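Reviewing the structure listed below.
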Amino acid sequence: MRTFNKVSLFLSTVLLFSVLSAQDAQAQRRFGGGRGLSGDMALGIGISTVSAGQNDLNGAIDDAVAAGANVKNLGSAWEFYANWSYRFSGTMYAFVFRPSYFMQKTDGSGPGGNYEYNLNGYTVFPIFRIYPLENSFIKFYMQTGLGYGSLNGSITAGSKNLDFKGSAFGAMGGIGVDFCFTDSHCLTVEGNLRYLPIERNISSGGNCSTGTDIPGIDQCGGSKEVERNGTDLRTTMSGVQGLIGYTMNF
């Protein structure tokens with residue numbers, strides 16, 4: 001709940017700052033505030049890191065290490081994205097549609113063979129964007145959006161393995177800058193905060209059937225809820241996101 005309150009406060013601050021900056025943006029338009037005010041569309045691609053802290057899975061990894069495995073905790077995730085955006089004619093407002101592919105993995109060895117913890121999935125976010133400050137080279141923007149994420153996971157512990165999946169709705173907000181070297185070609189740099197926890201994961205395959213098959217996992221197999229320490233195994237696509245990409249205006 002504290003995390004949700006922090007995210008709500010962050011998004012509220014972004015929107016408040018956007019409103020307070022509107023007069024500056026209008027003044028820039030009166031003095032020829034650059035391209036992008038005529039209903040232009042744009043396409044973008046890029047890569048980002050996400051500080052998705054997988055506390056439950058890392059706890060299970062710690063249990064595997066205590067049982068003799070040699071494997072590190074999951075670190076930050078990688079994410080690849082593409083987006084389509086539309087700048088509304090004569091305004092500082094834009095709509096962005098952004099799908100992305102999420103990846104996070106660690107592996108090692110231990111009793112019985114290889115140990116691997118792998119997460120992959122996707123997000124889809126419609127985003128509302130505001131450009132309060134811009135000129136012909138730099139376009140500063142703020143954005144917020146609501147979206148959906150789906151995450152598949154797999155655990156291999158020696159001869160035992162478990163597949164599972166979960167999904168949830170979430171929110172994001174952040175700031176970014178387009179550095180436009182020509183009217184059409186821009187370098188995009190963003191920083192976002194995303195809230196997308198997945199509180200419940202369901203077993204979708206593997207040969208894990210009892211709570212002793214995989215260290216740190218209490219319940220698995222048979223399309224059951226995956227559990228750790230008597231509660232649902234939680235995963236997340238939340239975190240601070242640092243993004244760099246290429247945007248083409250047309």
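Labels used: A, B, ... for chains in the order of the structure tokens, numbers from 1 for residues in each chain, and numbers from 1 for ligands as shown.
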For Asp218 (chain A): contacts at 9 Å, only C-alpha atoms, fewer than 3 positions along chain excluded, given as a short mmCIF file (atom, residue, chain, number, x, y, z; two decimals) with all heavy atoms, in the first residue's frame:
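The resulting result.cif:
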```cif
data_model
loop_
_atom_site.label_atom_id
_atom_site.label_comp_id
_atom_site.auth_asym_id
_atom_site.auth_seq_id
_atom_site.Cartn_x
_atom_site.Cartn_y
_atom_site.Cartn_z
N THR A 210 5.56 -31.58 -5.75
CA THR A 210 5.43 -31.45 -4.30
C THR A 210 6.25 -30.27 -3.81
O THR A 210 7.07 -29.71 -4.54
CB THR A 210 5.92 -32.72 -3.58
OG1 THR A 210 7.35 -32.81 -3.69
CG2 THR A 210 5.29 -33.97 -4.18
N GLY A 211 6.05 -29.90 -2.57
CA GLY A 211 6.75 -28.76 -2.00
C GLY A 211 8.22 -28.99 -1.72
O GLY A 211 8.91 -28.07 -1.31
N THR A 212 8.72 -30.21 -1.90
CA THR A 212 10.13 -30.48 -1.66
C THR A 212 10.94 -30.62 -2.96
O THR A 212 12.14 -30.85 -2.92
CB THR A 212 10.29 -31.77 -0.83
OG1 THR A 212 9.70 -32.87 -1.55
CG2 THR A 212 9.60 -31.63 0.52
N ASP A 213 10.28 -30.51 -4.11
CA ASP A 213 10.97 -30.70 -5.39
C ASP A 213 11.95 -29.57 -5.69
O ASP A 213 13.06 -29.80 -6.19
CB ASP A 213 9.95 -30.79 -6.54
CG ASP A 213 9.27 -32.15 -6.57
OD1 ASP A 213 9.76 -33.08 -5.89
OD2 ASP A 213 8.25 -32.29 -7.26
N ILE A 214 11.54 -28.31 -5.42
CA ILE A 214 12.36 -27.14 -5.74
C ILE A 214 12.56 -26.33 -4.46
O ILE A 214 11.58 -25.97 -3.79
CB ILE A 214 11.68 -26.27 -6.82
CG1 ILE A 214 11.59 -27.05 -8.14
CG2 ILE A 214 12.43 -24.97 -7.04
CD1 ILE A 214 10.88 -26.32 -9.25
N PRO A 215 13.81 -26.04 -4.08
CA PRO A 215 14.05 -25.27 -2.85
C PRO A 215 13.31 -23.94 -2.86
O PRO A 215 13.30 -23.20 -3.84
CB PRO A 215 15.57 -25.04 -2.88
CG PRO A 215 16.10 -26.16 -3.70
CD PRO A 215 15.06 -26.43 -4.75
N VAL A 226 1.23 -21.19 -7.36
CA VAL A 226 2.59 -21.42 -6.88
C VAL A 226 2.75 -20.68 -5.56
O VAL A 226 2.40 -19.49 -5.46
CB VAL A 226 3.62 -20.94 -7.91
CG1 VAL A 226 5.04 -21.22 -7.41
CG2 VAL A 226 3.40 -21.63 -9.25
N GLU A 227 3.27 -21.36 -4.56
CA GLU A 227 3.38 -20.75 -3.23
C GLU A 227 4.80 -20.85 -2.69
O GLU A 227 5.56 -21.77 -3.01
CB GLU A 227 2.42 -21.42 -2.25
CG GLU A 227 0.95 -21.16 -2.57
CD GLU A 227 0.03 -21.67 -1.48
OE1 GLU A 227 0.53 -22.32 -0.51
OE2 GLU A 227 -1.19 -21.43 -1.57
N ARG A 228 5.12 -19.85 -1.87
CA ARG A 228 6.38 -19.82 -1.13
C ARG A 228 6.08 -19.39 0.29
O ARG A 228 5.39 -18.39 0.52
CB ARG A 228 7.37 -18.85 -1.79
CG ARG A 228 8.57 -18.54 -0.91
CD ARG A 228 9.64 -17.74 -1.61
NE ARG A 228 10.58 -17.20 -0.64
CZ ARG A 228 11.50 -17.92 -0.02
NH1 ARG A 228 11.62 -19.21 -0.27
NH2 ARG A 228 12.32 -17.36 0.87
N ASN A 229 6.57 -20.14 1.28
CA ASN A 229 6.33 -19.85 2.70
C ASN A 229 4.84 -19.73 3.01
O ASN A 229 4.41 -18.87 3.79
CB ASN A 229 7.05 -18.58 3.13
CG ASN A 229 8.55 -18.73 3.13
OD1 ASN A 229 9.08 -19.84 3.25
ND2 ASN A 229 9.26 -17.61 2.99
N GLY A 230 4.03 -20.55 2.35
CA GLY A 230 2.61 -20.60 2.65
C GLY A 230 1.77 -19.51 2.03
O GLY A 230 0.57 -19.44 2.29
N THR A 231 2.35 -18.65 1.20
CA THR A 231 1.59 -17.59 0.53
C THR A 231 1.90 -17.62 -0.97
O THR A 231 2.89 -18.23 -1.40
CB THR A 231 1.93 -16.20 1.09
OG1 THR A 231 3.33 -15.94 0.89
CG2 THR A 231 1.62 -16.13 2.58
#
```
I'd like the contact shell of Tyr195 (chain A) - 6 Å cut-off, only C-alpha atoms, skipping same-chain residues fewer than 3 positions apart - returned as a PDB file with N, CA, C and O atoms, in the first residue's frame.
```pdb
ATOM      1  N   GLY A 170      -1.492  -2.108 -14.314  1.00  0.00           N
ATOM      2  CA  GLY A 170      -0.610  -1.223 -13.569  1.00  0.00           C
ATOM      3  C   GLY A 170      -0.618   0.188 -14.116  1.00  0.00           C
ATOM      4  O   GLY A 170      -1.416   0.540 -14.994  1.00  0.00           O
ATOM      5  N   ALA A 171       0.292   0.997 -13.608  1.00  0.00           N
ATOM      6  CA  ALA A 171       0.393   2.404 -13.990  1.00  0.00           C
ATOM      7  C   ALA A 171       1.855   2.791 -14.115  1.00  0.00           C
ATOM      8  O   ALA A 171       2.739   2.127 -13.560  1.00  0.00           O
ATOM      9  N   SER A 238       7.368  -4.057 -11.799  1.00  0.00           N
ATOM     10  CA  SER A 238       7.486  -2.697 -11.263  1.00  0.00           C
ATOM     11  C   SER A 238       8.944  -2.281 -11.175  1.00  0.00           C
ATOM     12  O   SER A 238       9.846  -3.126 -11.138  1.00  0.00           O
TER      13      SER A 238
END
```
| query | Which of these residues is nearest to Ile47 (chain A), using only C-alpha atoms: A:Gln219, A:Thr188, A:Ser159, A:Thr144? | reply |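 Looking only at the distances to Ile47 (chain A), the closest residue turns out to be A:Thr188.
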| Shell of 8 Å around Tyr246 (chain A), only C-alpha atoms, local chain residues under 2 positions omitted, as a list in words |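 Listing them by chain and then by number gives Gly44, Ile45, Gly46, His185, Cys186, Leu187, Thr188, Ile244 and Met248 of chain A.
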| field | CA of Leu119 (chain A) to CA of Ile155 (chain A), straight-line distance in Å | value | 9.0 Å
| field | Those in region 2-241 of chain A with helix (DSSP H, G or I) from DSSP, as a PyMOL selection string | value | chain A and resi 2-20+22-30+55-66
Export of the given selection (C-alpha atoms) as a PDB file, in the first residue's frame:
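Below you can see part-v9.pdb, which holds the result:
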```pdb
ATOM      1  CA  ARG A   2       2.888   2.394   0.745  1.00  0.00           C
ATOM      2  CA  THR A   3       4.342   1.707  -2.700  1.00  0.00           C
ATOM      3  CA  PHE A   4       0.970   2.469  -4.321  1.00  0.00           C
ATOM      4  CA  ASN A   5       0.721   5.753  -2.382  1.00  0.00           C
ATOM      5  CA  LYS A   6       4.204   6.769  -3.500  1.00  0.00           C
ATOM      6  CA  VAL A   7       3.328   6.035  -7.129  1.00  0.00           C
ATOM      7  CA  SER A   8       0.069   7.998  -6.836  1.00  0.00           C
ATOM      8  CA  LEU A   9       1.957  10.967  -5.363  1.00  0.00           C
ATOM      9  CA  PHE A  10       4.555  10.776  -8.148  1.00  0.00           C
ATOM     10  CA  LEU A  11       1.925  10.731 -10.901  1.00  0.00           C
ATOM     11  CA  SER A  12      -0.002  13.589  -9.269  1.00  0.00           C
ATOM     12  CA  THR A  13       3.184  15.666  -9.110  1.00  0.00           C
ATOM     13  CA  VAL A  14       3.886  15.024 -12.793  1.00  0.00           C
ATOM     14  CA  LEU A  15       0.406  16.156 -13.795  1.00  0.00           C
ATOM     15  CA  LEU A  16       0.530  19.226 -11.531  1.00  0.00           C
ATOM     16  CA  PHE A  17       3.883  20.297 -12.960  1.00  0.00           C
ATOM     17  CA  SER A  18       2.476  19.824 -16.462  1.00  0.00           C
ATOM     18  CA  VAL A  19      -0.405  22.197 -15.781  1.00  0.00           C
ATOM     19  CA  LEU A  20       1.893  24.810 -14.236  1.00  0.00           C
ATOM     20  CA  ALA A  22       1.386  25.128 -19.821  1.00  0.00           C
ATOM     21  CA  GLN A  23       1.908  28.904 -20.053  1.00  0.00           C
ATOM     22  CA  ASP A  24       5.585  28.424 -20.908  1.00  0.00           C
ATOM     23  CA  ALA A  25       4.650  25.989 -23.651  1.00  0.00           C
ATOM     24  CA  GLN A  26       2.093  28.418 -25.104  1.00  0.00           C
ATOM     25  CA  ALA A  27       4.694  31.166 -25.117  1.00  0.00           C
ATOM     26  CA  GLN A  28       7.149  28.945 -26.969  1.00  0.00           C
ATOM     27  CA  ARG A  29       4.539  28.234 -29.617  1.00  0.00           C
ATOM     28  CA  ARG A  30       3.989  31.951 -30.182  1.00  0.00           C
ATOM     29  CA  ASN A  55      11.939 -10.632  -3.709  1.00  0.00           C
ATOM     30  CA  ASP A  56      10.080 -13.960  -3.628  1.00  0.00           C
ATOM     31  CA  LEU A  57      12.160 -15.572  -6.362  1.00  0.00           C
ATOM     32  CA  ASN A  58      15.371 -14.242  -4.850  1.00  0.00           C
ATOM     33  CA  GLY A  59      14.285 -15.749  -1.535  1.00  0.00           C
ATOM     34  CA  ALA A  60      13.838 -19.101  -3.278  1.00  0.00           C
ATOM     35  CA  ILE A  61      17.292 -18.691  -4.835  1.00  0.00           C
ATOM     36  CA  ASP A  62      18.730 -18.053  -1.375  1.00  0.00           C
ATOM     37  CA  ASP A  63      17.149 -21.316  -0.207  1.00  0.00           C
ATOM     38  CA  ALA A  64      18.713 -23.120  -3.178  1.00  0.00           C
ATOM     39  CA  VAL A  65      22.107 -21.633  -2.324  1.00  0.00           C
ATOM     40  CA  ALA A  66      21.690 -22.837   1.262  1.00  0.00           C
TER      41      ALA A  66
END
```
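Of the listed residues (A:Ser136, A:Asn249, A:Ser203, A:Asn152), A:Asn152 comes nearest to Tyr101 (chain A); the distances count only C-alpha atoms.
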| request: To one decimal in Å, tell me the separation between CA of Gly68 (chain A) and CA of Ser204 (chain A). | output: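 Value for the CA of Gly68 (chain A)-CA of Ser204 (chain A) distance: 26.9 Å.
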| request: Find the residues near region 235-237 of chain A: any atom within 6 Å, counting only C-alpha atoms, skip ones fewer than 5 places away on the same chain, and give them as a PyMOL selection string. | output: chain A and resi 52+54+196-198
| note | Counting only C-alpha atoms, the residue among A:Ile127, A:Lys105, A:Ile175, A:Asn73 that lies closest to Tyr86 (chain A) is A:Ile127
| message | Would you pick out the contacts of Gln143 (chain A) at 7 Å or less, using only C-alpha atoms, so that residues sharing its chain but fewer than 6 positions from it are not included, and give the list as a PyMOL selection string? | response | chain A and resi 127-130+173-175
Print the selection's residues with C-alpha atoms to a file, as a tab-separated table (two decimals), in the first residue's frame.
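The result, stored in part-v4.tsv:
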```
chain	number	residue	atom	x	y	z
A	127	ILE	CA	0.31	6.82	-22.55
A	128	PHE	CA	-0.77	10.45	-22.31
A	129	ARG	CA	2.15	12.81	-22.95
A	130	ILE	CA	2.65	16.58	-22.47
A	173	GLY	CA	4.72	7.94	-15.12
A	174	GLY	CA	7.92	9.73	-15.96
A	175	ILE	CA	9.82	12.34	-17.91
```
| request: Might you pull out every residue within 7 Å of Val71 (chain A), with only C-alpha atoms counted and same-chain residues fewer than 4 positions away left off, and present them as a ChimeraX atom specification? | output: /A:65,107-109
| CA of Val240 (chain A) to CA of Gly191 (chain A), straight-line distance in Å |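 CA of Gly191 (chain A) sits 7.3 Å away from CA of Val240 (chain A).
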| Nearest-residue call for Thr91 (chain A), choices A:Thr123, A:Lys72, A:Tyr131, A:Lys165, using only C-alpha atoms |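 The closest residue to Thr91 (chain A) is A:Tyr131.
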| request: Using only C-alpha atoms, pick whichever of A:Val177, A:Leu193, A:Ala77, A:Met172 has the shortest atom-to-atom distance to Thr106 (chain A). | output: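 Comparing A:Val177, A:Leu193, A:Ala77, A:Met172 against Thr106 (chain A), the winner is A:Ala77.
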